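Have a look at input_5.pdb; it's PDB, C-alpha atoms (C1' of nucleotides):
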ATOM      1  CA  MET X   1      83.961  93.326  81.351  1.00  0.00           C
ATOM      2  CA  LYS X   2      82.374  96.479  82.676  1.00  0.00           C
ATOM      3  CA  ALA X   3      85.771  97.522  83.922  1.00  0.00           C
ATOM      4  CA  GLU X   4      87.219  97.026  80.492  1.00  0.00           C
ATOM      5  CA  GLY X   5      85.049  99.678  79.007  1.00  0.00           C
ATOM      6  CA  ALA X   6      86.154 101.996  81.768  1.00  0.00           C
ATOM      7  CA  CYS X   7      89.788 101.687  80.835  1.00  0.00           C
ATOM      8  CA  MET X   8      89.810 101.145  77.110  1.00  0.00           C
ATOM      9  CA  SER X   9      91.248 104.556  76.381  1.00  0.00           C
ATOM     10  CA  GLN X  10      94.352 104.426  74.255  1.00  0.00           C
ATOM     11  CA  GLY X  11      97.486 106.451  74.463  1.00  0.00           C
ATOM     12  CA  GLU X  12     101.197 106.216  74.927  1.00  0.00           C
ATOM     13  CA  PRO X  13     102.639 103.178  76.648  1.00  0.00           C
ATOM     14  CA  VAL X  14     102.444 103.264  80.432  1.00  0.00           C
ATOM     15  CA  ALA X  15     105.708 104.407  81.951  1.00  0.00           C
ATOM     16  CA  GLY X  16     107.635 101.423  83.233  1.00  0.00           C
ATOM     17  CA  GLY X  17     105.039  99.049  81.853  1.00  0.00           C
ATOM     18  CA  GLY X  18     107.435  97.397  79.440  1.00  0.00           C
ATOM     19  CA  PRO X  19     106.561  94.249  77.544  1.00  0.00           C
ATOM     20  CA  ALA X  20     104.374  93.161  80.416  1.00  0.00           C
ATOM     21  CA  ALA X  21     101.852  95.901  79.835  1.00  0.00           C
ATOM     22  CA  ALA X  22     101.953  95.438  76.102  1.00  0.00           C
ATOM     23  CA  GLY X  23     100.783  91.864  76.398  1.00  0.00           C
ATOM     24  CA  ALA X  24      97.779  92.617  78.576  1.00  0.00           C
ATOM     25  CA  GLY X  25      96.417  95.966  77.432  1.00  0.00           C
ATOM     26  CA  LEU X  26      97.901  99.323  78.176  1.00  0.00           C
ATOM     27  CA  LYS X  27      96.162 100.470  81.325  1.00  0.00           C
ATOM     28  CA  ALA X  28      95.805  98.945  84.744  1.00  0.00           C
ATOM     29  CA  LEU X  29      92.294  98.425  86.123  1.00  0.00           C
ATOM     30  CA  PRO X  30      91.129 101.697  87.709  1.00  0.00           C
ATOM     31  CA  ARG X  31      90.534 102.225  91.405  1.00  0.00           C
ATOM     32  CA  ASP X  32      86.754 102.172  90.916  1.00  0.00           C
ATOM     33  CA  PHE X  33      86.902  98.606  89.635  1.00  0.00           C
ATOM     34  CA  TYR X  34      87.612  97.492  93.213  1.00  0.00           C
ATOM     35  CA  GLY X  35      85.030  99.677  94.943  1.00  0.00           C
ATOM     36  CA  ARG X  36      82.225  97.184  94.316  1.00  0.00           C
ATOM     37  CA  GLU X  37      80.712  94.089  95.938  1.00  0.00           C
ATOM     38  CA  VAL X  38      83.637  91.788  96.707  1.00  0.00           C
ATOM     39  CA  ASN X  39      82.240  88.632  95.053  1.00  0.00           C
ATOM     40  CA  LEU X  40      81.689  90.521  91.811  1.00  0.00           C
ATOM     41  CA  VAL X  41      85.270  91.777  91.852  1.00  0.00           C
ATOM     42  CA  ALA X  42      86.629  88.314  92.748  1.00  0.00           C
ATOM     43  CA  ARG X  43      84.822  86.790  89.769  1.00  0.00           C
ATOM     44  CA  GLU X  44      85.963  89.481  87.350  1.00  0.00           C
ATOM     45  CA  LEU X  45      89.595  89.314  88.467  1.00  0.00           C
ATOM     46  CA  VAL X  46      89.853  85.784  87.072  1.00  0.00           C
ATOM     47  CA  GLY X  47      91.466  86.197  83.650  1.00  0.00           C
ATOM     48  CA  CYS X  48      93.134  89.499  84.535  1.00  0.00           C
ATOM     49  CA  ARG X  49      96.906  89.825  84.487  1.00  0.00           C
ATOM     50  CA  LEU X  50      98.858  90.423  87.693  1.00  0.00           C
ATOM     51  CA  MET X  51     102.350  91.906  87.332  1.00  0.00           C
ATOM     52  CA  HIS X  52     105.069  92.708  89.866  1.00  0.00           C
ATOM     53  CA  GLU X  53     108.297  94.263  88.585  1.00  0.00           C
ATOM     54  CA  GLY X  54     108.160  92.527  85.210  1.00  0.00           C
ATOM     55  CA  VAL X  55     107.099  89.133  86.606  1.00  0.00           C
ATOM     56  CA  GLY X  56     103.546  87.825  86.463  1.00  0.00           C
ATOM     57  CA  GLY X  57     100.749  86.081  84.638  1.00  0.00           C
ATOM     58  CA  VAL X  58      97.021  85.474  84.376  1.00  0.00           C
ATOM     59  CA  ILE X  59      94.964  85.174  87.572  1.00  0.00           C
ATOM     60  CA  VAL X  60      93.129  81.825  87.485  1.00  0.00           C
ATOM     61  CA  GLU X  61      91.830  81.502  91.060  1.00  0.00           C
ATOM     62  CA  THR X  62      90.468  83.984  93.636  1.00  0.00           C
ATOM     63  CA  GLU X  63      88.430  83.998  96.850  1.00  0.00           C
ATOM     64  CA  ALA X  64      86.155  86.652  98.363  1.00  0.00           C
ATOM     65  CA  TYR X  65      86.082  87.657 102.054  1.00  0.00           C
ATOM     66  CA  ASN X  66      83.899  90.229 103.807  1.00  0.00           C
ATOM     67  CA  ARG X  67      82.939  91.484 107.261  1.00  0.00           C
ATOM     68  CA  ASN X  68      79.898  89.228 107.752  1.00  0.00           C
ATOM     69  CA  ASP X  69      81.922  86.158 106.914  1.00  0.00           C
ATOM     70  CA  PRO X  70      83.361  84.260 109.926  1.00  0.00           C
ATOM     71  CA  ALA X  71      86.427  83.243 107.874  1.00  0.00           C
ATOM     72  CA  CYS X  72      87.369  86.876 107.239  1.00  0.00           C
ATOM     73  CA  HIS X  73      90.211  88.454 109.230  1.00  0.00           C
ATOM     74  CA  ALA X  74      88.042  91.564 109.690  1.00  0.00           C
ATOM     75  CA  HIS X  75      85.058  89.637 111.095  1.00  0.00           C
ATOM     76  CA  ARG X  76      86.015  90.573 114.652  1.00  0.00           C
ATOM     77  CA  GLY X  77      86.988  94.143 113.981  1.00  0.00           C
ATOM     78  CA  MET X  78      90.122  96.052 113.160  1.00  0.00           C
ATOM     79  CA  THR X  79      93.555  94.917 114.292  1.00  0.00           C
ATOM     80  CA  GLU X  80      97.053  95.994 113.362  1.00  0.00           C
ATOM     81  CA  ARG X  81      97.273  93.179 110.803  1.00  0.00           C
ATOM     82  CA  ASN X  82      93.961  93.726 108.993  1.00  0.00           C
ATOM     83  CA  ARG X  83      93.865  97.530 109.185  1.00  0.00           C
ATOM     84  CA  VAL X  84      94.390  97.946 105.409  1.00  0.00           C
ATOM     85  CA  MET X  85      91.170  96.021 104.735  1.00  0.00           C
ATOM     86  CA  PHE X  86      89.203  98.876 106.314  1.00  0.00           C
ATOM     87  CA  GLY X  87      90.809 101.466 104.071  1.00  0.00           C
ATOM     88  CA  PRO X  88      90.080 102.554 100.506  1.00  0.00           C
ATOM     89  CA  PRO X  89      89.643  99.941  97.729  1.00  0.00           C
ATOM     90  CA  GLY X  90      92.294  98.983  95.202  1.00  0.00           C
ATOM     91  CA  ARG X  91      95.115  98.481  97.679  1.00  0.00           C
ATOM     92  CA  ALA X  92      97.143  95.379  98.431  1.00  0.00           C
ATOM     93  CA  TYR X  93      96.469  93.662 101.753  1.00  0.00           C
ATOM     94  CA  VAL X  94      99.478  91.415 102.321  1.00  0.00           C
ATOM     95  CA  TYR X  95      99.888  89.362 105.465  1.00  0.00           C
ATOM     96  CA  PHE X  96     102.301  86.775 106.835  1.00  0.00           C
ATOM     97  CA  SER X  97     100.872  83.333 107.544  1.00  0.00           C
ATOM     98  CA  TYR X  98     102.039  80.097 109.135  1.00  0.00           C
ATOM     99  CA  GLY X  99     105.296  81.809 110.058  1.00  0.00           C
ATOM    100  CA  MET X 100     106.670  81.551 106.519  1.00  0.00           C
ATOM    101  CA  HIS X 101     104.242  82.501 103.726  1.00  0.00           C
ATOM    102  CA  HIS X 102     102.984  85.807 102.417  1.00  0.00           C
ATOM    103  CA  LEU X 103      99.422  86.015 101.032  1.00  0.00           C
ATOM    104  CA  LEU X 104      98.142  88.704  98.669  1.00  0.00           C
ATOM    105  CA  ASN X 105      94.659  90.240  98.755  1.00  0.00           C
ATOM    106  CA  ILE X 106      93.139  93.234  97.007  1.00  0.00           C
ATOM    107  CA  VAL X 107      90.922  95.478  99.147  1.00  0.00           C
ATOM    108  CA  CYS X 108      87.370  95.958  97.811  1.00  0.00           C
ATOM    109  CA  GLU X 109      84.114  97.794  98.538  1.00  0.00           C
ATOM    110  CA  ARG X 110      83.909 101.285  99.993  1.00  0.00           C
ATOM    111  CA  GLU X 111      86.268 102.725 102.575  1.00  0.00           C
ATOM    112  CA  GLY X 112      85.244 101.617 106.050  1.00  0.00           C
ATOM    113  CA  GLU X 113      83.641  98.396 104.775  1.00  0.00           C
ATOM    114  CA  PRO X 114      86.292  95.674 105.132  1.00  0.00           C
ATOM    115  CA  ALA X 115      86.408  93.234 102.209  1.00  0.00           C
ATOM    116  CA  ALA X 116      89.137  91.719 100.066  1.00  0.00           C
ATOM    117  CA  VAL X 117      89.866  89.269  97.274  1.00  0.00           C
ATOM    118  CA  LEU X 118      92.569  86.675  97.949  1.00  0.00           C
ATOM    119  CA  ILE X 119      94.640  85.964  94.834  1.00  0.00           C
ATOM    120  CA  ARG X 120      95.228  82.202  94.971  1.00  0.00           C
ATOM    121  CA  ALA X 121      96.808  81.087  91.689  1.00  0.00           C
ATOM    122  CA  LEU X 122      98.434  82.390  88.546  1.00  0.00           C
ATOM    123  CA  GLU X 123      99.224  81.035  85.104  1.00  0.00           C
ATOM    124  CA  PRO X 124     102.838  82.210  84.626  1.00  0.00           C
ATOM    125  CA  ARG X 125     103.401  84.324  81.510  1.00  0.00           C
ATOM    126  CA  GLU X 126     106.328  86.694  82.059  1.00  0.00           C
ATOM    127  CA  GLY X 127     109.571  86.564  84.007  1.00  0.00           C
ATOM    128  CA  ILE X 128     109.348  82.788  84.235  1.00  0.00           C
ATOM    129  CA  GLU X 129     113.056  82.315  84.872  1.00  0.00           C
ATOM    130  CA  ARG X 130     112.901  84.767  87.765  1.00  0.00           C
ATOM    131  CA  MET X 131     109.976  82.812  89.176  1.00  0.00           C
ATOM    132  CA  ARG X 132     111.989  79.610  88.884  1.00  0.00           C
ATOM    133  CA  SER X 133     114.940  81.078  90.700  1.00  0.00           C
ATOM    134  CA  ARG X 134     112.734  82.361  93.556  1.00  0.00           C
ATOM    135  CA  ARG X 135     110.839  79.064  93.750  1.00  0.00           C
ATOM    136  CA  ALA X 136     113.921  76.858  93.393  1.00  0.00           C
ATOM    137  CA  PRO X 137     114.244  73.923  93.273  1.00  0.00           C
ATOM    138  CA  VAL X 138     110.792  73.882  91.642  1.00  0.00           C
ATOM    139  CA  VAL X 139     111.002  74.068  87.831  1.00  0.00           C
ATOM    140  CA  GLU X 140     107.599  72.864  86.594  1.00  0.00           C
ATOM    141  CA  LEU X 141     105.539  75.714  85.135  1.00  0.00           C
ATOM    142  CA  ARG X 142     102.312  74.660  86.792  1.00  0.00           C
ATOM    143  CA  GLN X 143     103.947  74.537  90.233  1.00  0.00           C
ATOM    144  CA  LEU X 144     105.418  78.037  90.173  1.00  0.00           C
ATOM    145  CA  ALA X 145     102.341  79.971  91.342  1.00  0.00           C
ATOM    146  CA  ASN X 146      99.489  77.482  91.919  1.00  0.00           C
ATOM    147  CA  GLY X 147      98.809  78.557  95.493  1.00  0.00           C
ATOM    148  CA  PRO X 148      98.608  81.856  97.407  1.00  0.00           C
ATOM    149  CA  GLY X 149     101.948  81.394  99.194  1.00  0.00           C
ATOM    150  CA  LYS X 150     103.732  80.103  96.089  1.00  0.00           C
ATOM    151  CA  LEU X 151     102.400  83.015  94.052  1.00  0.00           C
ATOM    152  CA  CYS X 152     103.850  85.603  96.445  1.00  0.00           C
ATOM    153  CA  GLN X 153     107.168  83.781  96.535  1.00  0.00           C
ATOM    154  CA  ALA X 154     107.347  83.539  92.723  1.00  0.00           C
ATOM    155  CA  LEU X 155     106.547  87.233  92.270  1.00  0.00           C
ATOM    156  CA  GLY X 156     108.656  88.480  95.184  1.00  0.00           C
ATOM    157  CA  ILE X 157     105.656  89.928  97.039  1.00  0.00           C
ATOM    158  CA  ASP X 158     106.078  90.566 100.770  1.00  0.00           C
ATOM    159  CA  LEU X 159     104.959  92.981 103.504  1.00  0.00           C
ATOM    160  CA  ALA X 160     106.629  95.878 101.686  1.00  0.00           C
ATOM    161  CA  ARG X 161     103.630  95.824  99.307  1.00  0.00           C
ATOM    162  CA  ASN X 162     101.048  95.997 102.121  1.00  0.00           C
ATOM    163  CA  GLY X 163      98.798  99.037 101.725  1.00  0.00           C
ATOM    164  CA  GLU X 164     100.080 100.020  98.285  1.00  0.00           C
ATOM    165  CA  PRO X 165      97.602 100.802  95.466  1.00  0.00           C
ATOM    166  CA  VAL X 166      97.464  98.203  92.682  1.00  0.00           C
ATOM    167  CA  TYR X 167      96.027 100.658  90.141  1.00  0.00           C
ATOM    168  CA  ARG X 168      99.458 102.334  90.168  1.00  0.00           C
ATOM    169  CA  GLY X 169     102.611 101.075  91.759  1.00  0.00           C
ATOM    170  CA  PRO X 170     105.029  98.187  91.524  1.00  0.00           C
ATOM    171  CA  LEU X 171     102.100  95.785  91.767  1.00  0.00           C
ATOM    172  CA  LYS X 172      99.610  96.160  88.917  1.00  0.00           C
ATOM    173  CA  ILE X 173      96.561  94.371  87.512  1.00  0.00           C
ATOM    174  CA  TYR X 174      95.505  94.605  83.860  1.00  0.00           C
ATOM    175  CA  PRO X 175      92.223  93.609  82.178  1.00  0.00           C
ATOM    176  CA  PRO X 176      91.976  90.241  80.420  1.00  0.00           C
ATOM    177  CA  ASP X 177      93.435  89.988  76.936  1.00  0.00           C
ATOM    178  CA  SER X 178      91.102  89.007  74.102  1.00  0.00           C
ATOM    179  CA  GLU X 179      91.867  85.290  74.220  1.00  0.00           C
ATOM    180  CA  TRP X 180      90.435  85.088  77.749  1.00  0.00           C
ATOM    181  CA  GLN X 181      87.043  86.492  76.786  1.00  0.00           C
ATOM    182  CA  GLY X 182      84.469  83.764  77.204  1.00  0.00           C
ATOM    183  CA  THR X 183      86.539  81.592  79.515  1.00  0.00           C
ATOM    184  CA  GLY X 184      84.134  80.020  82.003  1.00  0.00           C
ATOM    185  CA  ILE X 185      84.215  80.635  85.758  1.00  0.00           C
ATOM    186  CA  VAL X 186      83.466  77.933  88.327  1.00  0.00           C
ATOM    187  CA  ALA X 187      82.439  78.824  91.915  1.00  0.00           C
ATOM    188  CA  THR X 188      83.355  76.402  94.744  1.00  0.00           C
ATOM    189  CA  PRO X 189      83.814  76.495  98.538  1.00  0.00           C
ATOM    190  CA  ARG X 190      86.968  78.238  99.719  1.00  0.00           C
ATOM    191  CA  ILE X 191      90.144  76.400 100.688  1.00  0.00           C
ATOM    192  CA  GLY X 192      91.999  76.129 103.980  1.00  0.00           C
ATOM    193  CA  ILE X 193      89.327  77.575 106.269  1.00  0.00           C
ATOM    194  CA  SER X 194      87.286  75.861 108.991  1.00  0.00           C
ATOM    195  CA  VAL X 195      84.285  78.203 109.128  1.00  0.00           C
ATOM    196  CA  GLY X 196      82.094  79.705 106.437  1.00  0.00           C
ATOM    197  CA  THR X 197      82.715  76.629 104.305  1.00  0.00           C
ATOM    198  CA  ARG X 198      79.171  76.599 102.954  1.00  0.00           C
ATOM    199  CA  ARG X 199      79.750  79.754 100.938  1.00  0.00           C
ATOM    200  CA  LYS X 200      80.919  79.175  97.366  1.00  0.00           C
ATOM    201  CA  TRP X 201      83.170  82.207  97.229  1.00  0.00           C
ATOM    202  CA  ARG X 202      86.142  80.677  95.407  1.00  0.00           C
ATOM    203  CA  TYR X 203      86.275  81.485  91.692  1.00  0.00           C
ATOM    204  CA  CYS X 204      88.308  79.427  89.221  1.00  0.00           C
ATOM    205  CA  ALA X 205      89.043  79.605  85.507  1.00  0.00           C
ATOM    206  CA  ALA X 206      87.219  76.572  84.114  1.00  0.00           C
ATOM    207  CA  GLY X 207      89.592  73.819  83.047  1.00  0.00           C
ATOM    208  CA  SER X 208      92.788  75.631  84.052  1.00  0.00           C
ATOM    209  CA  ARG X 209      95.708  73.385  84.949  1.00  0.00           C
ATOM    210  CA  PHE X 210      97.244  76.137  87.114  1.00  0.00           C
ATOM    211  CA  LEU X 211      94.758  75.964  90.019  1.00  0.00           C
ATOM    212  CA  SER X 212      95.907  75.259  93.586  1.00  0.00           C
ATOM    213  CA  ARG X 213      93.350  72.440  93.614  1.00  0.00           C
ATOM    214  CA  LYS X 214      90.962  71.071  91.044  1.00  0.00           C
ATOM    215  CA  ALA X 215      87.640  72.898  90.851  1.00  0.00           C
TER
ATOM    216  C1'  DC J   1      97.031  58.890  93.857  1.00  0.00           C
ATOM    217  C1'  DC J   2      95.898  60.233  98.629  1.00  0.00           C
ATOM    218  C1'  DT J   3      96.533  61.293 103.681  1.00  0.00           C
ATOM    219  C1'  DG J   4      99.098  63.120 107.551  1.00  0.00           C
ATOM    220  C1'  DC J   5     102.466  65.972 109.756  1.00  0.00           C
ATOM    221  C1'  DG J   6     106.245  69.358 110.770  1.00  0.00           C
ATOM    222  C1'  DA J   7     108.084  73.987 109.910  1.00  0.00           C
ATOM    223  C1'  DT J   8     108.007  78.637 112.037  1.00  0.00           C
ATOM    224  C1'  DT J   9     105.931  83.271 113.400  1.00  0.00           C
ATOM    225  C1'  DT J  10     102.190  86.239 114.527  1.00  0.00           C
ATOM    226  C1'  DG J  11      97.959  87.531 116.509  1.00  0.00           C
ATOM    227  C1'  DC J  12      94.537  87.112 119.520  1.00  0.00           C
ATOM    228  C1'  DT J  13      91.841  84.346 123.350  1.00  0.00           C
TER
ATOM    229  C1'  DG N   1      98.885  78.725 124.627  1.00  0.00           C
ATOM    230  C1'  DC N   2      97.054  77.616 120.314  1.00  0.00           C
ATOM    231  C1'  DA N   3      95.226  78.080 115.728  1.00  0.00           C
ATOM    232  C1'  DA N   4      96.258  79.872 111.419  1.00  0.00           C
ATOM    233  C1'  DA N   5      93.129  82.210 104.086  1.00  0.00           C
ATOM    234  C1'  DT N   6     100.190  77.091 103.486  1.00  0.00           C
ATOM    235  C1'  DC N   7     103.621  74.147 101.603  1.00  0.00           C
ATOM    236  C1'  DG N   8     106.472  70.184 100.786  1.00  0.00           C
ATOM    237  C1'  DC N   9     107.769  65.745 102.063  1.00  0.00           C
ATOM    238  C1'  DA N  10     107.119  61.020 103.844  1.00  0.00           C
ATOM    239  C1'  DG N  11     104.606  57.001 103.822  1.00  0.00           C
ATOM    240  C1'  DG N  12     100.680  53.972 102.485  1.00  0.00           C
ATOM    241  C1'  DC N  13      97.551  52.090  98.958  1.00  0.00           C
TER
END
Would you mind writing the file's structure down as structure tokens?
Amino acid sequence: MKAEGACMSQGEPVAGGGPAAAGAGLKALPRDFYGREVNLVARELVGCRLMHEGVGGVIVETEAYNRNDPACHAHRGMTERNRVMFGPPGRAYVYFSYGMHHLLNIVCEREGEPAAVLIRALEPREGIERMRSRRAPVVELRQLANGPGKLCQALGIDLARNGEPVYRGPLKIYPPDSEWQGTGIVATPRIGISVGTRRKWRYCAAGSRFLSRKA
DNA sequence: CCTGCGATTTGCT
DNA sequence: GCAAATCGCAGGC
């Protein structure tokens, strides 16, 4: 909500934004939106719209990770894989997991302080047929992007996006549209990790049917 | 509905 | 050598 005020300026349509941008507000969230405490950003990203080359939807589930957290890739210092997490905020940290899935994070906090928000699930809104063809044979709307690996597959996100800014670039995030104002957020333990499970750093849109798992 | 397991590659112990 | 921020399928209840 704070971020919204920061980018409410009006003007001509964003170049290359197309119908996607029109549906979610004209301007992408600014770089400074991400340069804040990672749990705050994770919570506020729920309800925002994620777009990649004309395909995307509303973020309904996120998780926060930071340096002090044993489940975080950066907990034990910098490696070739997690290097982007140590860089400036507002960039995509994409990595390859289980030998077959890509997972998308957005880098947060100040440069040098590794932290990121994992984008876990999306309510599909645009480019649905392209999502279906990438996710084939899956056809059901709720199964297209209700998980971090599925989401990257549906949107065509891979290592080529690693390190790229999401405030400008093929991957973009827009503030919530008016109908999402007031949607509740539920915090729960994170999914798929074996340490740090006591933290409730997973944020879900209350009542959404597009979550990877029920909140 | 729920639980368990195999796929398949990388990164780090 | 093994675990991993996952997914989809098989099998049981």
Quiz item: What separation in Å, quoted to one decimal, exists between atom CA of X:Ser212 and atom CA of X:Asp69?
Solution: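 Separation of atom CA of X:Ser212 and atom CA of X:Asp69: 22.2 Å.
All polymer residues at most 9 Å from (100.7, 84.7, 100.0), using only C-alpha atoms (C1' of nucleotides), appear as Val94, Tyr95, Phe96, Ser97, His101, His102, Leu103, Leu104, Asn105, Leu118, Ile119, Arg120, Gly147, Pro148, Gly149, Lys150, Leu151, Cys152, Gln153, Ile157 and Asp158 of chain X; DA5 and DT6 of chain N.
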Just to be explicit: take each residue in the selection above, keep C-alpha atoms (C1' of nucleotides), and write the result as a PDB file, in the coordinates of the input.
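Output saved as part30.pdb:
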ATOM      1  CA  VAL X  94      99.478  91.415 102.321  1.00  0.00           C
ATOM      2  CA  TYR X  95      99.888  89.362 105.465  1.00  0.00           C
ATOM      3  CA  PHE X  96     102.301  86.775 106.835  1.00  0.00           C
ATOM      4  CA  SER X  97     100.872  83.333 107.544  1.00  0.00           C
ATOM      5  CA  HIS X 101     104.242  82.501 103.726  1.00  0.00           C
ATOM      6  CA  HIS X 102     102.984  85.807 102.417  1.00  0.00           C
ATOM      7  CA  LEU X 103      99.422  86.015 101.032  1.00  0.00           C
ATOM      8  CA  LEU X 104      98.142  88.704  98.669  1.00  0.00           C
ATOM      9  CA  ASN X 105      94.659  90.240  98.755  1.00  0.00           C
ATOM     10  CA  LEU X 118      92.569  86.675  97.949  1.00  0.00           C
ATOM     11  CA  ILE X 119      94.640  85.964  94.834  1.00  0.00           C
ATOM     12  CA  ARG X 120      95.228  82.202  94.971  1.00  0.00           C
ATOM     13  CA  GLY X 147      98.809  78.557  95.493  1.00  0.00           C
ATOM     14  CA  PRO X 148      98.608  81.856  97.407  1.00  0.00           C
ATOM     15  CA  GLY X 149     101.948  81.394  99.194  1.00  0.00           C
ATOM     16  CA  LYS X 150     103.732  80.103  96.089  1.00  0.00           C
ATOM     17  CA  LEU X 151     102.400  83.015  94.052  1.00  0.00           C
ATOM     18  CA  CYS X 152     103.850  85.603  96.445  1.00  0.00           C
ATOM     19  CA  GLN X 153     107.168  83.781  96.535  1.00  0.00           C
ATOM     20  CA  ILE X 157     105.656  89.928  97.039  1.00  0.00           C
ATOM     21  CA  ASP X 158     106.078  90.566 100.770  1.00  0.00           C
TER      22      ASP X 158
ATOM     23  C1'  DA N   5      93.129  82.210 104.086  1.00  0.00           C
ATOM     24  C1'  DT N   6     100.190  77.091 103.486  1.00  0.00           C
TER      25       DT N   6
END
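The interatomic distance for the pair atom CA of X:Arg43 and atom CA of X:Glu63 works out to 8.4 Å.
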Quiz item: Taking the file as shown, what set of residues would the PyMOL selection byres ((chain N and resi 11) around 12) give back, as a list in words?
Solution: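 On the file shown, the PyMOL selection byres ((chain N and resi 11) around 12) covers DC2, DT3, DG4 and DC5 of chain J; DC9, DA10, DG12 and DC13 of chain N.
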Dump as a compact mmCIF listing (two decimals), in the frame of the given file, selection limited to C-alpha atoms (C1' of nucleotides):
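So result_29.txt came out as:
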# COMPACT_ATOMS: atom_id res chain seq x y z
C1' DC J 2 95.90 60.23 98.63
C1' DT J 3 96.53 61.29 103.68
C1' DG J 4 99.10 63.12 107.55
C1' DC J 5 102.47 65.97 109.76
C1' DC N 9 107.77 65.74 102.06
C1' DA N 10 107.12 61.02 103.84
C1' DG N 12 100.68 53.97 102.48
C1' DC N 13 97.55 52.09 98.96
Practice problem: Given the file shown, determine the residues that the PyMOL selection byres ((chain X and resi 164) around 12) selects; report them as a PyMOL selection string. | Solution: chain X and resi 31+84-85+87-94+104-107+157-163+165-172
Quiz item: Looking at all atoms listed in the file, which of X:Pro175, X:Gly182, X:Gly99, X:Gly156 is the one that sits closest to J:DT10?
Solution: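 Once distances to J:DT10 are computed over all atoms listed in the file, the minimum belongs to X:Gly99.
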I'd like the contact shell of N:DA3 - 12 Å cut-off, all atoms listed in the file, skipping same-chain residues fewer than 2 positions apart - returned as a short mmCIF file (atom, residue, chain, number, x, y, z; two decimals) with C-alpha atoms (C1' of nucleotides), in the coordinates of the input.
data_model
loop_
_atom_site.label_atom_id
_atom_site.label_comp_id
_atom_site.auth_asym_id
_atom_site.auth_seq_id
_atom_site.Cartn_x
_atom_site.Cartn_y
_atom_site.Cartn_z
CA SER X 97 100.87 83.33 107.54
CA TYR X 98 102.04 80.10 109.14
CA ILE X 193 89.33 77.58 106.27
CA SER X 194 87.29 75.86 108.99
"C1'" DT J 10 102.19 86.24 114.53
"C1'" DG J 11 97.96 87.53 116.51
"C1'" DC J 12 94.54 87.11 119.52
"C1'" DT J 13 91.84 84.35 123.35
"C1'" DG N 1 98.88 78.72 124.63
#
Would you kindly place all heavy atoms on stretch 47-51 of chain X and return the model as a PDB file, keeping the file's coordinate frame?
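As a result, result_34.pdb now contains:
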ATOM      1  N   GLY X  47      91.188  85.858  85.049  1.00  0.00           N
ATOM      2  CA  GLY X  47      91.466  86.197  83.650  1.00  0.00           C
ATOM      3  C   GLY X  47      92.264  87.486  83.502  1.00  0.00           C
ATOM      4  O   GLY X  47      92.824  87.754  82.451  1.00  0.00           O
ATOM      5  N   CYS X  48      92.324  88.276  84.575  1.00  0.00           N
ATOM      6  CA  CYS X  48      93.134  89.499  84.535  1.00  0.00           C
ATOM      7  C   CYS X  48      94.603  89.145  84.738  1.00  0.00           C
ATOM      8  O   CYS X  48      94.936  88.065  85.204  1.00  0.00           O
ATOM      9  CB  CYS X  48      92.690  90.467  85.638  1.00  0.00           C
ATOM     10  SG  CYS X  48      91.036  91.148  85.359  1.00  0.00           S
ATOM     11  N   ARG X  49      95.470  90.093  84.373  1.00  0.00           N
ATOM     12  CA  ARG X  49      96.906  89.825  84.487  1.00  0.00           C
ATOM     13  C   ARG X  49      97.511  90.583  85.658  1.00  0.00           C
ATOM     14  O   ARG X  49      97.351  91.784  85.780  1.00  0.00           O
ATOM     15  CB  ARG X  49      97.628  90.198  83.196  1.00  0.00           C
ATOM     16  CG  ARG X  49      99.115  89.845  83.261  1.00  0.00           C
ATOM     17  CD  ARG X  49      99.789  89.982  81.937  1.00  0.00           C
ATOM     18  NE  ARG X  49      99.180  89.118  80.926  1.00  0.00           N
ATOM     19  CZ  ARG X  49      99.864  88.527  79.949  1.00  0.00           C
ATOM     20  NH1 ARG X  49     101.165  88.710  79.855  1.00  0.00           N
ATOM     21  NH2 ARG X  49      99.249  87.786  79.072  1.00  0.00           N
ATOM     22  N   LEU X  50      98.190  89.841  86.531  1.00  0.00           N
ATOM     23  CA  LEU X  50      98.858  90.423  87.693  1.00  0.00           C
ATOM     24  C   LEU X  50     100.351  90.519  87.419  1.00  0.00           C
ATOM     25  O   LEU X  50     100.977  89.525  87.027  1.00  0.00           O
ATOM     26  CB  LEU X  50      98.599  89.536  88.920  1.00  0.00           C
ATOM     27  CG  LEU X  50      99.365  89.870  90.202  1.00  0.00           C
ATOM     28  CD1 LEU X  50      98.918  91.207  90.775  1.00  0.00           C
ATOM     29  CD2 LEU X  50      99.176  88.769  91.235  1.00  0.00           C
ATOM     30  N   MET X  51     100.924  91.710  87.605  1.00  0.00           N
ATOM     31  CA  MET X  51     102.350  91.906  87.332  1.00  0.00           C
ATOM     32  C   MET X  51     103.037  92.541  88.537  1.00  0.00           C
ATOM     33  O   MET X  51     102.476  93.418  89.194  1.00  0.00           O
ATOM     34  CB  MET X  51     102.534  92.847  86.136  1.00  0.00           C
ATOM     35  CG  MET X  51     102.015  92.304  84.809  1.00  0.00           C
ATOM     36  SD  MET X  51     102.840  90.790  84.257  1.00  0.00           S
ATOM     37  CE  MET X  51     104.547  91.306  84.291  1.00  0.00           C
TER      38      MET X  51
END
